Structures are given as structure tokens and as C-alpha cells.
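Participant: Dropping in protein13.tsv, which is TSV, C-alpha atoms:
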```tsv
chain	number	residue	atom	x	y	z
T	1	MET	CA	15.66	-23.80	26.67
T	2	LYS	CA	14.25	-22.99	23.24
T	3	ARG	CA	11.81	-20.47	24.72
T	4	ALA	CA	14.56	-18.84	26.74
T	5	SER	CA	16.82	-18.46	23.71
T	6	VAL	CA	13.95	-16.99	21.64
T	7	ALA	CA	13.24	-14.50	24.43
T	8	ALA	CA	16.93	-13.61	24.67
T	9	LEU	CA	17.09	-13.09	20.90
T	10	LEU	CA	14.01	-10.85	20.97
T	11	VAL	CA	15.51	-8.73	23.76
T	12	LEU	CA	18.78	-8.50	21.84
T	13	ILE	CA	16.92	-7.22	18.78
T	14	ALA	CA	14.75	-4.88	20.82
T	15	ILE	CA	17.61	-3.05	22.55
T	16	PRO	CA	19.19	-1.50	19.41
T	17	LEU	CA	15.73	-0.75	17.97
T	18	LEU	CA	14.65	1.10	21.12
T	19	ALA	CA	17.99	2.88	21.29
T	20	ALA	CA	17.56	4.00	17.68
T	21	MET	CA	14.02	5.19	18.43
T	22	ALA	CA	15.31	7.38	21.24
T	23	GLU	CA	17.60	9.08	18.73
T	24	LEU	CA	14.76	9.94	16.32
T	25	PRO	CA	13.78	13.60	16.00
T	26	PRO	CA	10.52	14.58	17.75
T	27	HIS	CA	7.36	13.50	15.93
T	28	GLY	CA	6.19	16.13	13.45
T	29	SER	CA	9.34	18.21	13.80
T	30	SER	CA	10.27	20.29	10.77
T	31	GLU	CA	13.94	19.69	11.56
T	32	THR	CA	13.94	16.07	10.35
T	33	PRO	CA	16.32	15.36	7.46
T	34	ALA	CA	13.38	14.38	5.25
T	35	TYR	CA	12.01	17.93	5.46
T	36	THR	CA	15.23	19.92	5.50
T	37	HIS	CA	17.10	18.84	2.40
T	38	VAL	CA	15.91	15.49	0.97
T	39	SER	CA	12.45	16.45	-0.26
T	40	GLU	CA	13.73	19.81	-1.48
T	41	ARG	CA	16.31	18.07	-3.61
T	42	TYR	CA	13.70	15.64	-4.98
T	43	LEU	CA	11.35	18.46	-5.95
T	44	GLN	CA	13.98	20.75	-7.46
T	45	ARG	CA	16.19	18.31	-9.32
T	46	GLY	CA	14.21	15.05	-9.49
T	47	ALA	CA	12.90	15.61	-13.01
T	48	GLN	CA	16.40	16.21	-14.42
T	49	GLU	CA	18.53	13.73	-12.56
T	50	ALA	CA	16.15	10.81	-12.01
T	51	GLY	CA	14.63	10.41	-15.46
T	52	ALA	CA	10.88	10.86	-14.88
T	53	GLU	CA	8.63	13.92	-14.81
T	54	ASN	CA	6.57	12.35	-12.05
T	55	ILE	CA	8.49	12.89	-8.80
T	56	VAL	CA	6.78	9.92	-7.12
T	57	THR	CA	8.12	7.62	-9.84
T	58	ASP	CA	11.57	9.18	-9.41
T	59	VAL	CA	11.52	8.43	-5.71
T	60	ILE	CA	10.12	4.90	-5.99
T	61	LEU	CA	12.19	3.62	-8.90
T	62	ASN	CA	15.35	5.69	-8.76
T	63	TYR	CA	16.16	7.30	-5.40
T	64	ARG	CA	14.70	4.35	-3.51
T	65	GLY	CA	15.13	1.76	-6.25
T	66	PHE	CA	16.75	-0.77	-3.92
T	67	ASP	CA	13.70	-0.66	-1.66
T	68	THR	CA	11.30	-1.22	-4.56
T	69	ASN	CA	13.52	-3.99	-5.90
T	70	GLY	CA	13.11	-5.78	-2.57
T	71	GLU	CA	9.41	-5.00	-2.56
T	72	VAL	CA	8.67	-6.66	-5.91
T	73	THR	CA	10.68	-9.66	-4.74
T	74	VAL	CA	8.41	-9.85	-1.68
T	75	ILE	CA	5.31	-9.78	-3.93
T	76	PHE	CA	6.75	-12.57	-6.05
T	77	THR	CA	7.57	-14.55	-2.93
T	78	SER	CA	3.95	-14.19	-1.83
T	79	VAL	CA	2.69	-16.03	-4.91
T	80	VAL	CA	5.26	-18.77	-4.34
T	81	ALA	CA	4.09	-19.07	-0.72
T	82	VAL	CA	0.40	-19.19	-1.68
T	83	ALA	CA	1.18	-21.82	-4.31
T	84	ALA	CA	3.13	-23.84	-1.78
T	85	ILE	CA	0.22	-23.81	0.66
T	86	LEU	CA	-2.73	-24.22	-1.70
T	87	LEU	CA	-1.44	-26.45	-4.48
T	88	LEU	CA	0.34	-28.97	-2.29
T	89	ARG	CA	-2.42	-31.51	-1.90
T	90	ASP	CA	-4.82	-31.50	-4.85
T	91	GLU	CA	-3.20	-32.55	-8.08
T	92	GLU	CA	-6.11	-34.77	-9.14
T	93	ARG	CA	-8.78	-32.05	-8.89
T	94	THR	CA	-7.87	-30.21	-12.08
T	95	SER	CA	-11.15	-30.43	-14.01
T	96	GLN	CA	-13.73	-30.07	-11.28
T	97	GLU	CA	-17.14	-28.88	-12.42
T	98	ARG	CA	-18.06	-25.23	-12.18
T	99	SER	CA	-21.10	-23.85	-10.42
T	100	SER	CA	-24.20	-24.38	-12.53
T	101	THR	CA	-25.50	-20.81	-12.22
T	102	PRO	CA	-25.55	-19.31	-15.71
T	103	VAL	CA	-23.95	-15.87	-16.08
T	104	SER	CA	-26.44	-13.10	-16.73
T	105	PRO	CA	-26.43	-12.05	-20.40
T	106	VAL	CA	-26.32	-8.41	-19.28
T	107	LEU	CA	-23.10	-8.99	-17.36
T	108	LEU	CA	-21.62	-11.02	-20.20
T	109	PHE	CA	-22.32	-8.32	-22.76
T	110	ILE	CA	-21.02	-5.45	-20.62
T	111	VAL	CA	-17.84	-7.29	-19.62
T	112	ARG	CA	-17.17	-8.22	-23.25
T	113	THR	CA	-17.75	-4.63	-24.32
T	114	MET	CA	-15.60	-3.06	-21.63
T	115	ALA	CA	-12.72	-5.57	-21.49
T	116	PRO	CA	-10.67	-3.94	-24.30
T	117	PHE	CA	-11.10	-0.52	-22.69
T	118	ILE	CA	-10.03	-1.84	-19.29
T	119	ALA	CA	-6.96	-3.45	-20.88
T	120	LEU	CA	-6.14	-0.19	-22.70
T	121	PHE	CA	-6.51	1.83	-19.51
T	122	GLY	CA	-4.29	-0.60	-17.59
T	123	MET	CA	-1.54	-0.27	-20.19
T	124	TYR	CA	-1.96	3.51	-20.23
T	125	VAL	CA	-1.55	3.71	-16.45
T	126	ILE	CA	1.59	1.54	-16.63
T	127	LEU	CA	3.23	3.44	-19.48
T	128	PHE	CA	2.37	6.93	-18.21
T	129	GLY	CA	3.67	6.27	-14.71
T	130	HIS	CA	6.73	8.39	-15.37
T	131	LEU	CA	4.65	11.39	-16.48
T	132	SER	CA	1.51	11.31	-14.37
T	133	PRO	CA	0.08	9.50	-11.34
T	134	GLY	CA	0.11	5.77	-12.01
T	135	GLY	CA	2.78	3.25	-12.81
T	136	GLY	CA	3.45	-0.44	-12.78
T	137	PHE	CA	1.79	-1.33	-9.49
T	138	GLN	CA	-1.44	0.54	-10.25
T	139	GLY	CA	-1.68	-0.48	-13.90
T	140	GLY	CA	-0.83	-4.07	-13.07
T	141	THR	CA	-3.67	-4.12	-10.56
T	142	ILE	CA	-6.08	-3.00	-13.30
T	143	LEU	CA	-4.84	-5.71	-15.67
T	144	GLY	CA	-5.01	-8.35	-12.91
T	145	ALA	CA	-8.57	-7.27	-12.06
T	146	LEU	CA	-9.49	-7.65	-15.73
T	147	VAL	CA	-8.21	-11.23	-15.75
T	148	ILE	CA	-10.13	-11.98	-12.52
T	149	VAL	CA	-13.37	-10.49	-13.92
T	150	SER	CA	-12.88	-12.57	-17.06
T	151	THR	CA	-12.40	-15.70	-14.94
T	152	VAL	CA	-15.68	-15.08	-13.11
T	153	VAL	CA	-17.80	-13.94	-16.05
T	154	LEU	CA	-16.34	-15.48	-19.21
T	155	GLY	CA	-15.07	-18.64	-17.54
T	156	PRO	CA	-11.58	-19.83	-16.58
T	157	ASP	CA	-10.82	-21.16	-20.05
T	158	VAL	CA	-11.01	-17.72	-21.64
T	159	ALA	CA	-9.06	-16.14	-18.79
T	160	HIS	CA	-6.34	-18.80	-18.83
T	161	ARG	CA	-5.75	-18.07	-22.49
T	162	MET	CA	-4.97	-14.43	-21.60
T	163	VAL	CA	-1.94	-15.61	-19.62
T	164	PRO	CA	-0.57	-18.63	-21.54
T	165	ALA	CA	0.49	-21.46	-19.25
T	166	PRO	CA	4.07	-21.94	-20.60
T	167	ALA	CA	4.84	-18.24	-20.07
T	168	ARG	CA	3.10	-18.04	-16.68
T	169	PRO	CA	6.08	-18.75	-14.39
T	170	TRP	CA	8.15	-16.17	-16.28
T	171	LEU	CA	5.35	-13.61	-16.16
T	172	GLN	CA	4.86	-14.19	-12.43
T	173	ALA	CA	8.54	-13.49	-11.90
T	174	ALA	CA	8.53	-10.60	-14.39
T	175	ALA	CA	8.82	-7.82	-11.80
T	176	PRO	CA	11.97	-9.01	-9.96
T	177	LEU	CA	13.49	-10.31	-13.21
T	178	THR	CA	13.16	-7.01	-15.08
T	179	PHE	CA	14.28	-5.10	-11.99
T	180	VAL	CA	17.47	-7.16	-11.69
T	181	THR	CA	18.06	-7.05	-15.46
T	182	VAL	CA	17.68	-3.27	-15.61
T	183	GLY	CA	19.75	-2.98	-12.43
T	184	LEU	CA	22.58	-4.97	-14.03
T	185	ALA	CA	22.23	-2.92	-17.22
T	186	GLY	CA	22.67	0.15	-15.02
T	187	LEU	CA	25.76	-1.49	-13.52
T	188	ALA	CA	27.20	-1.98	-17.01
T	189	VAL	CA	26.38	1.56	-18.16
T	190	THR	CA	27.06	3.70	-15.08
T	191	GLY	CA	29.06	1.43	-12.81
T	192	HIS	CA	26.37	1.28	-10.11
T	193	TYR	CA	23.64	-1.33	-9.64
T	194	LEU	CA	20.34	0.39	-10.58
T	195	GLY	CA	22.32	3.38	-11.85
T	196	PHE	CA	20.27	5.39	-14.32
T	197	PRO	CA	22.07	7.58	-16.86
T	198	SER	CA	20.97	11.22	-16.55
T	199	GLY	CA	21.66	14.55	-18.21
T	200	ASP	CA	20.70	16.03	-21.54
T	201	GLU	CA	22.46	13.52	-23.73
T	202	TRP	CA	21.73	10.19	-21.99
T	203	GLY	CA	18.67	11.06	-19.95
T	204	TRP	CA	16.39	9.24	-22.37
T	205	VAL	CA	18.19	5.96	-21.59
T	206	GLY	CA	17.38	6.45	-17.91
T	207	THR	CA	13.74	7.18	-18.77
T	208	LEU	CA	13.61	4.10	-20.99
T	209	MET	CA	14.96	1.97	-18.15
T	210	LEU	CA	12.28	3.35	-15.83
T	211	VAL	CA	9.57	2.51	-18.37
T	212	VAL	CA	10.92	-1.03	-18.77
T	213	ILE	CA	10.79	-1.51	-15.00
T	214	GLU	CA	7.22	-0.15	-14.93
T	215	ILE	CA	6.17	-2.66	-17.60
T	216	GLY	CA	7.86	-5.48	-15.68
T	217	ILE	CA	6.14	-4.51	-12.41
T	218	GLY	CA	2.79	-4.16	-14.20
T	219	VAL	CA	2.92	-7.50	-16.02
T	220	GLY	CA	4.33	-9.30	-12.99
T	221	GLY	CA	1.90	-7.76	-10.49
T	222	GLY	CA	-1.14	-8.43	-12.69
T	223	THR	CA	-0.13	-12.04	-13.32
T	224	ILE	CA	0.49	-12.63	-9.61
T	225	MET	CA	-2.95	-11.21	-8.67
T	226	ALA	CA	-4.67	-13.44	-11.23
T	227	SER	CA	-2.58	-16.48	-10.24
T	228	ILE	CA	-3.41	-16.15	-6.54
T	229	PHE	CA	-7.11	-15.81	-7.45
T	230	TRP	CA	-6.98	-18.91	-9.63
T	231	MET	CA	-5.28	-20.93	-6.92
T	232	MET	CA	-7.91	-19.89	-4.37
T	233	GLU	CA	-10.67	-20.75	-6.87
T	234	GLU	CA	-9.29	-24.26	-7.37
T	235	GLU	CA	-9.03	-24.65	-3.63
T	236	ARG	CA	-12.71	-23.79	-3.13
W	1	MET	CA	-19.44	37.84	-18.63
W	2	THR	CA	-21.23	37.28	-21.92
W	3	ASP	CA	-24.72	35.86	-22.13
W	4	THR	CA	-23.56	32.44	-23.34
W	5	ALA	CA	-21.14	32.18	-20.45
W	6	VAL	CA	-23.94	32.93	-18.00
W	7	VAL	CA	-26.22	30.35	-19.62
W	8	THR	CA	-23.42	27.73	-19.65
W	9	ARG	CA	-22.71	28.27	-15.98
W	10	ALA	CA	-26.40	28.14	-15.11
W	11	ILE	CA	-26.87	24.82	-16.93
W	12	SER	CA	-23.72	23.47	-15.32
W	13	ALA	CA	-24.85	24.54	-11.84
W	14	VAL	CA	-28.30	22.99	-12.28
W	15	LEU	CA	-26.72	19.70	-13.42
W	16	ALA	CA	-24.25	19.67	-10.53
W	17	CYS	CA	-27.06	20.29	-8.03
W	18	THR	CA	-29.12	17.52	-9.61
W	19	GLY	CA	-26.18	15.16	-9.22
W	20	ALA	CA	-25.64	16.19	-5.61
W	21	PHE	CA	-29.36	15.69	-4.91
W	22	PHE	CA	-29.29	12.16	-6.29
W	23	PHE	CA	-26.18	11.35	-4.26
W	24	LEU	CA	-27.94	12.60	-1.12
W	25	VAL	CA	-31.13	10.66	-1.85
W	26	GLY	CA	-29.16	7.54	-2.75
W	27	THR	CA	-27.15	7.75	0.49
W	28	ILE	CA	-30.29	8.20	2.58
W	29	GLY	CA	-31.77	5.24	0.70
W	30	ILE	CA	-28.79	2.98	1.47
W	31	LEU	CA	-29.15	3.83	5.15
W	32	ARG	CA	-32.95	3.80	5.51
W	33	LEU	CA	-34.47	1.30	3.05
W	34	PRO	CA	-35.55	-2.04	4.54
W	35	ASP	CA	-33.74	-4.78	2.59
W	36	PHE	CA	-30.86	-5.63	0.27
W	37	TYR	CA	-32.79	-5.21	-2.99
W	38	SER	CA	-34.15	-1.75	-2.27
W	39	ARG	CA	-30.78	-0.63	-0.91
W	40	THR	CA	-29.06	-1.82	-4.09
W	41	HIS	CA	-31.67	0.12	-6.03
W	42	ALA	CA	-30.82	3.26	-4.05
W	43	ALA	CA	-27.06	2.73	-4.32
W	44	THR	CA	-27.10	2.52	-8.10
W	45	LYS	CA	-28.85	5.90	-8.26
W	46	CYS	CA	-25.70	7.57	-6.89
W	47	ASP	CA	-23.39	6.23	-9.56
W	48	THR	CA	-25.72	6.54	-12.53
W	49	VAL	CA	-27.73	9.74	-12.21
W	50	GLY	CA	-25.58	11.34	-9.50
W	51	ALA	CA	-22.13	10.86	-11.02
W	52	GLY	CA	-23.59	11.15	-14.53
W	53	ALA	CA	-25.09	14.58	-13.86
W	54	VAL	CA	-21.98	15.90	-12.09
W	55	LEU	CA	-19.74	14.73	-14.95
W	56	LEU	CA	-22.15	16.21	-17.51
W	57	SER	CA	-22.05	19.48	-15.59
W	58	LEU	CA	-18.24	19.49	-15.78
W	59	ALA	CA	-18.39	18.74	-19.50
W	60	VAL	CA	-20.78	21.66	-20.09
W	61	LEU	CA	-18.57	23.97	-18.03
W	62	HIS	CA	-15.45	22.94	-19.95
W	63	GLY	CA	-16.83	23.44	-23.45
W	64	LEU	CA	-15.49	21.54	-26.43
W	65	SER	CA	-12.03	20.13	-25.72
W	66	VAL	CA	-10.05	16.92	-25.29
W	67	ASP	CA	-10.81	17.02	-21.57
W	68	THR	CA	-14.53	17.08	-22.32
W	69	LEU	CA	-14.07	13.99	-24.45
W	70	LYS	CA	-12.40	12.27	-21.51
W	71	ILE	CA	-15.22	13.33	-19.16
W	72	VAL	CA	-17.81	11.98	-21.59
W	73	ALA	CA	-15.83	8.70	-21.82
W	74	ILE	CA	-15.77	8.41	-18.03
W	75	ALA	CA	-19.52	9.11	-17.85
W	76	THR	CA	-20.18	6.46	-20.51
W	77	PHE	CA	-18.22	3.80	-18.64
W	78	VAL	CA	-19.83	4.70	-15.31
W	79	LEU	CA	-23.26	4.49	-16.95
W	80	LEU	CA	-22.36	1.07	-18.39
W	81	SER	CA	-20.75	-0.47	-15.33
W	82	SER	CA	-22.82	0.77	-12.40
W	83	PRO	CA	-26.23	-0.62	-13.48
W	84	THR	CA	-24.50	-3.87	-14.47
W	85	VAL	CA	-23.02	-4.20	-11.00
W	86	GLY	CA	-26.48	-3.54	-9.50
W	87	ASN	CA	-27.93	-6.20	-11.75
W	88	ALA	CA	-25.21	-8.72	-10.85
W	89	LEU	CA	-25.61	-8.06	-7.11
W	90	ALA	CA	-29.40	-8.40	-7.14
W	91	ARG	CA	-29.20	-11.51	-9.33
W	92	ALA	CA	-26.67	-13.15	-7.04
W	93	ALA	CA	-28.82	-12.34	-4.00
W	94	TYR	CA	-31.95	-13.74	-5.68
W	95	ARG	CA	-30.15	-16.89	-6.84
W	96	THR	CA	-28.85	-17.59	-3.37
W	97	GLY	CA	-32.41	-17.35	-2.02
W	98	LEU	CA	-32.58	-13.93	-0.36
W	99	ARG	CA	-36.30	-13.10	-0.14
W	100	PRO	CA	-37.42	-9.54	-0.89
W	101	TRP	CA	-38.91	-7.55	1.99
W	102	THR	CA	-42.68	-7.36	2.17
W	103	ARG	CA	-44.97	-5.38	4.44
W	104	GLN	CA	-46.27	-8.58	6.10
W	105	GLU	CA	-42.94	-9.58	7.65
W	106	ARG	CA	-41.64	-6.24	8.86
W	107	SER	CA	-38.48	-7.54	10.44
W	108	GLY	CA	-38.00	-10.36	7.96
W	109	GLY	CA	-35.99	-8.54	5.31
W	110	GLU	CA	-32.71	-10.18	6.19
W	111	LYS	CA	-34.06	-13.75	6.18
```
For this file, write the structure as C-alpha cells.

Facilitator:
Amino acid sequence: MKRASVAALLVLIAIPLLAAMAELPPHGSSETPAYTHVSERYLQRGAQEAGAENIVTDVILNYRGFDTNGEVTVIFTSVVAVAAILLLRDEERTSQERSSTPVSPVLLFIVRTMAPFIALFGMYVILFGHLSPGGGFQGGTILGALVIVSTVVLGPDVAHRMVPAPARPWLQAAAPLTFVTVGLAGLAVTGHYLGFPSGDEWGWVGTLMLVVIEIGIGVGGGTIMASIFWMMEEER
Amino acid sequence: MTDTAVVTRAISAVLACTGAFFFLVGTIGILRLPDFYSRTHAATKCDTVGAGAVLLSLAVLHGLSVDTLKIVAIATFVLLSSPTVGNALARAAYRTGLRPWTRQERSGGEK
């Protein structure tokens, strides 16, 4: 019975999907809406009406802001899911001993020397996302990688101090939280959720909102990467 | 073209070719050398001398500017990080008991 109903449900979902596929323009056709007017509009007017010089940022955070909003929520959900799976059973194994292999002094010195530069570069990539290639996702990955390298080389104690425990849940949720906050701010200012003010007079507010979202995505993404790594380390 | 421009381009070309040569040799080394340690040795040649020479060639070609400063910064970080990674890899392999290849055990490199 259960199997039959699952199969029936799958068929019910498949029929509209297949019907929609039949309506799609031929693969590679230059007549598709994306090529005829959408991309042209992005390229010609994106910089003025969406708030960022970098068209990719305009598309990701403004034109398709709803999609990215859902995306960062999915990333946050992933850390919740990993935590639910990995941290369920071992509450007593908090201070288990580390591997006895000493870290090479060469590695220690180089990581200590380069850590500030890596952090600086991560922040640069986040903050310059609206001007040049980069942005919250990319910069956050660099920051998260820095925390992971510090965990391996300098030890978990040093790395845990980089992301203070009381703030950790908030930082993990930073991306969806800032997205929703900025979205509601847009609702208050322009009357639309995720509405960004544009034009000569108020364009800077829109740009500022984009930068705030980038910072939120960067901090949240980096924290989530490090958190998942830490959970898997404890599991090992 | 003035004489200095010709000399600059010549230096830049020689450096770029040196870099390309080291990339080629390093790649052949990764594919052909017998065990992990010698392959790591070959791989680090690409990122240190290879990338270093190509970046230096770009810096020479560009002359004095902010971009050159950025290129030099990139070269510095590549020169710092790549040998360190080679060191960490070889150390980890040695600590976990991977024995270096010797001529006596021809097929024993992966033991």
C-alpha cells in the first residue's frame, strides 16, 4: 500500500515536470528568454539599478535574491543536520586526547606568519564582492579554511578562540539572519521584501545592503565550514 | 621600440620560458618518478620555481606599479606556502611509515 502510494505520488510529480520539459526551447537555442532580453538587461542596467558594479553580484543578491536567500538557509540547515547526526551520541567525549605527532616547526612558523594575510585576503574578497569577482561565499570559504588550518596546525584551543563559543550559534546562522534582516529592511524602505533602493540619490543604501548581506554570508559560511570540520574531528 | 624595452621583454621572455620548463619537468616528474617522496619533490618544483619565474617575468614586463607589487606579493606567498606543503606531505608520509623507494625493491615503492 505504502509502496503503491509512493509510486503514484512520483508519477503525479513526474507528469507536470515532463510536460514542462516538452515546452522548453530547444537546447542551445538563441531564442530562449535568457538570451533575448534578460541578460541584455542585466548587462546594460545592472550596475545602475541593482547596486553593485559586479554584475554577478547583482544577479545573485538582487535579481535572484530570493533564490540566494533560500540557498543560505539550505547551507545553515546542513550544519544543523550534521550536528544532529554527529553530536547525538557522544557528550562524554569532550576532552579526548589528540594525536601525539608533534607539528613540524616549519609548518607552525609558516602558518603563524601567513594567518593574518589569509584573514585579510578573506575579508577583502568578501567586501569587494560588489566591485570585483568574489563575495561572501568565496571569502567565507577562505576564512573557514583559515580556521580549519589553525585547528590542524595550532591546535583546537587556538582555533576555538577565533570563533567564541557563546557567539557560535549566532555566527552559524549569520547568513540567513542577515539575509532576512536586510530583506525586511528592504520591505520597510521600498515596500518589497529584499527590495534595494536604487537611483542616484539612494543607490548607496542599496549597495550598503548588498555589502551587509555579503558580510553575513561570509561570516556564516566560514563558521559553518569550521563547525562541520570540528564536529567530524570530534567524531573521529 | 627603445633598447630598454627590448631588454625588458627579453628578460621577461627568458623568465617565462624558464618557468614553463620547470612546469614541464615537474609534470613529467609527477608522472614518471617511482615513489611518493620523489613525486612530491617534483611537484613542488612546479609551484616554486615554475610559478615563481612566470610571476617574476610578469613583474618585469609590467615595470614599477601597484600591480607589480601585487605580483611580488603573490610570488612571496607561493614561495612560502608551496615548500611548506611539500614538507608537511613528506613528513606525514614518513610518520605514517611509508618507506622510500630504493633500487633493491624495484616494485616496492608503494609498500

Participant: Find the residues of chain W in contact range of chain T, meaning any atom within 9 Å when counting only C-alpha atoms, and list them as a list in words.

Facilitator: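 Listed by rising number, the hits are Phe77, Leu80, Ser81, Thr84, Val85, Asn87, Ala88, Arg91 and Arg95 of chain W.
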
Participant: Need to verify the contact set: W:Ala73, 12 Å, only C-alpha atoms, exclusion of same-chain residues closer than 4 positions in sequence. Can you return it as a list in words?

Facilitator: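 Within the cut-off, the hits are Met114, Phe117 and Phe121 of chain T; Gly52, Leu55, Leu56, Ala59, Val66, Asp67, Thr68, Leu69, Phe77, Val78, Leu79 and Leu80 of chain W.
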
Participant: Using atom CA of T:Leu187 and atom CA of T:Ile215 as the two end points, give the distance in Å to one decimal.

Facilitator: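 Computed distance, atom CA of T:Leu187 to atom CA of T:Ile215, equals 20.0 Å.
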
Participant: Please determine an axis-aligned box that encloses all atoms of stretch 9-20 of chain W listed in the file, with 6 Å added on each side, and express its centre and edge lengths in Å to one decimal as AutoDock Vina command-line options.

Facilitator:
```
--center_x -25.9 --center_y 21.7 --center_z -11.3 --size_x 18.4 --size_y 25.1 --size_z 23.3
```

Participant: What lies within 12 Å of T:Leu177 using all atoms listed in the file, ignoring chain neighbours under 3 positions off, as a list in words?

Facilitator: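 Neighbouring residues, sequence-local ones excluded: Asn69, Gly70, Val72, Thr73, Phe76, Pro169, Trp170, Leu171, Gln172, Ala173, Ala174, Val180, Thr181, Val182, Gly183, Leu184, Val212, Ile213, Ile215, Gly216, Ile217, Val219 and Gly220 of chain T.
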
Participant: Residues of stretch 21-63 of chain W that have any atom at most 10 Å from an atom of stretch 5-10 of chain W: could you tabulate them with the shortest-distance atom pair and the distance in Å to one decimal, using all atoms listed in the file, ordered by chain and increasing number, as a tab-separated table?

Facilitator:
```
residue	atom	partner	partner_atom	distance
W:Ser57	CA	W:Arg9	CA	8.8
W:Leu58	CA	W:Arg9	CA	9.9
W:Val60	CA	W:Thr8	CA	6.6
W:Leu61	CA	W:Arg9	CA	6.3
W:His62	CA	W:Thr8	CA	9.3
W:Gly63	CA	W:Thr8	CA	8.7
```

Participant: One decimal, in Å: what's the spacing between atom CA of T:Ala81 and atom CA of T:Thr141?

Facilitator: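 Pair atom CA of T:Ala81 / atom CA of T:Thr141 returns 19.5 Å.
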
Participant: Just give me the gap between atom CA of W:Asp47 and atom CA of W:Gly29 in Å, one decimal is fine.

Facilitator: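 These atoms are spaced 13.3 Å apart.
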
Participant: Which of these, T:Pro164, T:Gly136, T:Pro33, T:Pro156, has the shortest distance to T:Leu61 once you count all atoms listed in the file?

Facilitator: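 Using all atoms listed in the file, the shortest distance to T:Leu61 belongs to T:Gly136.
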
Participant: From the set T:Gly122, T:Thr223, T:Val189, T:Phe128, which residue has the shortest atom-to-atom contact distance to T:Met162, counting all atoms listed in the file?

Facilitator: T:Thr223

Participant: Which residues, protein or nucleic acid, reach to within 10 Å of (1.3, 7.8, -12.8) in the file's coordinates when using only C-alpha atoms, and can you give that as a PyMOL selection string?

Facilitator: chain T and resi 53-57+124-139

Participant: Generate the output file for the selected residues, C-alpha atoms, as a PDB file, in the frame of the given file.

Facilitator:
```pdb
ATOM      1  CA  GLU T  53       8.630  13.920 -14.810  1.00  0.00           C
ATOM      2  CA  ASN T  54       6.570  12.350 -12.050  1.00  0.00           C
ATOM      3  CA  ILE T  55       8.490  12.890  -8.800  1.00  0.00           C
ATOM      4  CA  VAL T  56       6.780   9.920  -7.120  1.00  0.00           C
ATOM      5  CA  THR T  57       8.120   7.620  -9.840  1.00  0.00           C
ATOM      6  CA  TYR T 124      -1.960   3.510 -20.230  1.00  0.00           C
ATOM      7  CA  VAL T 125      -1.550   3.710 -16.450  1.00  0.00           C
ATOM      8  CA  ILE T 126       1.590   1.540 -16.630  1.00  0.00           C
ATOM      9  CA  LEU T 127       3.230   3.440 -19.480  1.00  0.00           C
ATOM     10  CA  PHE T 128       2.370   6.930 -18.210  1.00  0.00           C
ATOM     11  CA  GLY T 129       3.670   6.270 -14.710  1.00  0.00           C
ATOM     12  CA  HIS T 130       6.730   8.390 -15.370  1.00  0.00           C
ATOM     13  CA  LEU T 131       4.650  11.390 -16.480  1.00  0.00           C
ATOM     14  CA  SER T 132       1.510  11.310 -14.370  1.00  0.00           C
ATOM     15  CA  PRO T 133       0.080   9.500 -11.340  1.00  0.00           C
ATOM     16  CA  GLY T 134       0.110   5.770 -12.010  1.00  0.00           C
ATOM     17  CA  GLY T 135       2.780   3.250 -12.810  1.00  0.00           C
ATOM     18  CA  GLY T 136       3.450  -0.440 -12.780  1.00  0.00           C
ATOM     19  CA  PHE T 137       1.790  -1.330  -9.490  1.00  0.00           C
ATOM     20  CA  GLN T 138      -1.440   0.540 -10.250  1.00  0.00           C
ATOM     21  CA  GLY T 139      -1.680  -0.480 -13.900  1.00  0.00           C
TER      22      GLY T 139
END
```

Participant: Identify, on the basis of all atoms listed in the file, every residue whose closest approach to W:Ala16 does not exceed 7 Å; exclude the query and any residue fewer than 4 positions from it along the same chain; express the result as a VMD selection string.

Facilitator: chain W and resid 12 20 53 to 54 57

Participant: List as a ChimeraX atom specification the protein and nucleic acid residues near T:Asn62, meaning an atom at most 9 Å away when all atoms listed in the file are counted, but skip any in the same chain fewer than 3 places from it.

Facilitator: /T:50-51,57-59,65-66,194-196,210

Participant: Neighbouring residues of W:Val25 were defined as those with any atom within 10 Å, considering all atoms listed in the file; residues of the same chain fewer than 5 positions away were excluded. Please report them as number ranges by chain.

Facilitator: W: 19-20, 30-31, 42-43, 45-46, 50
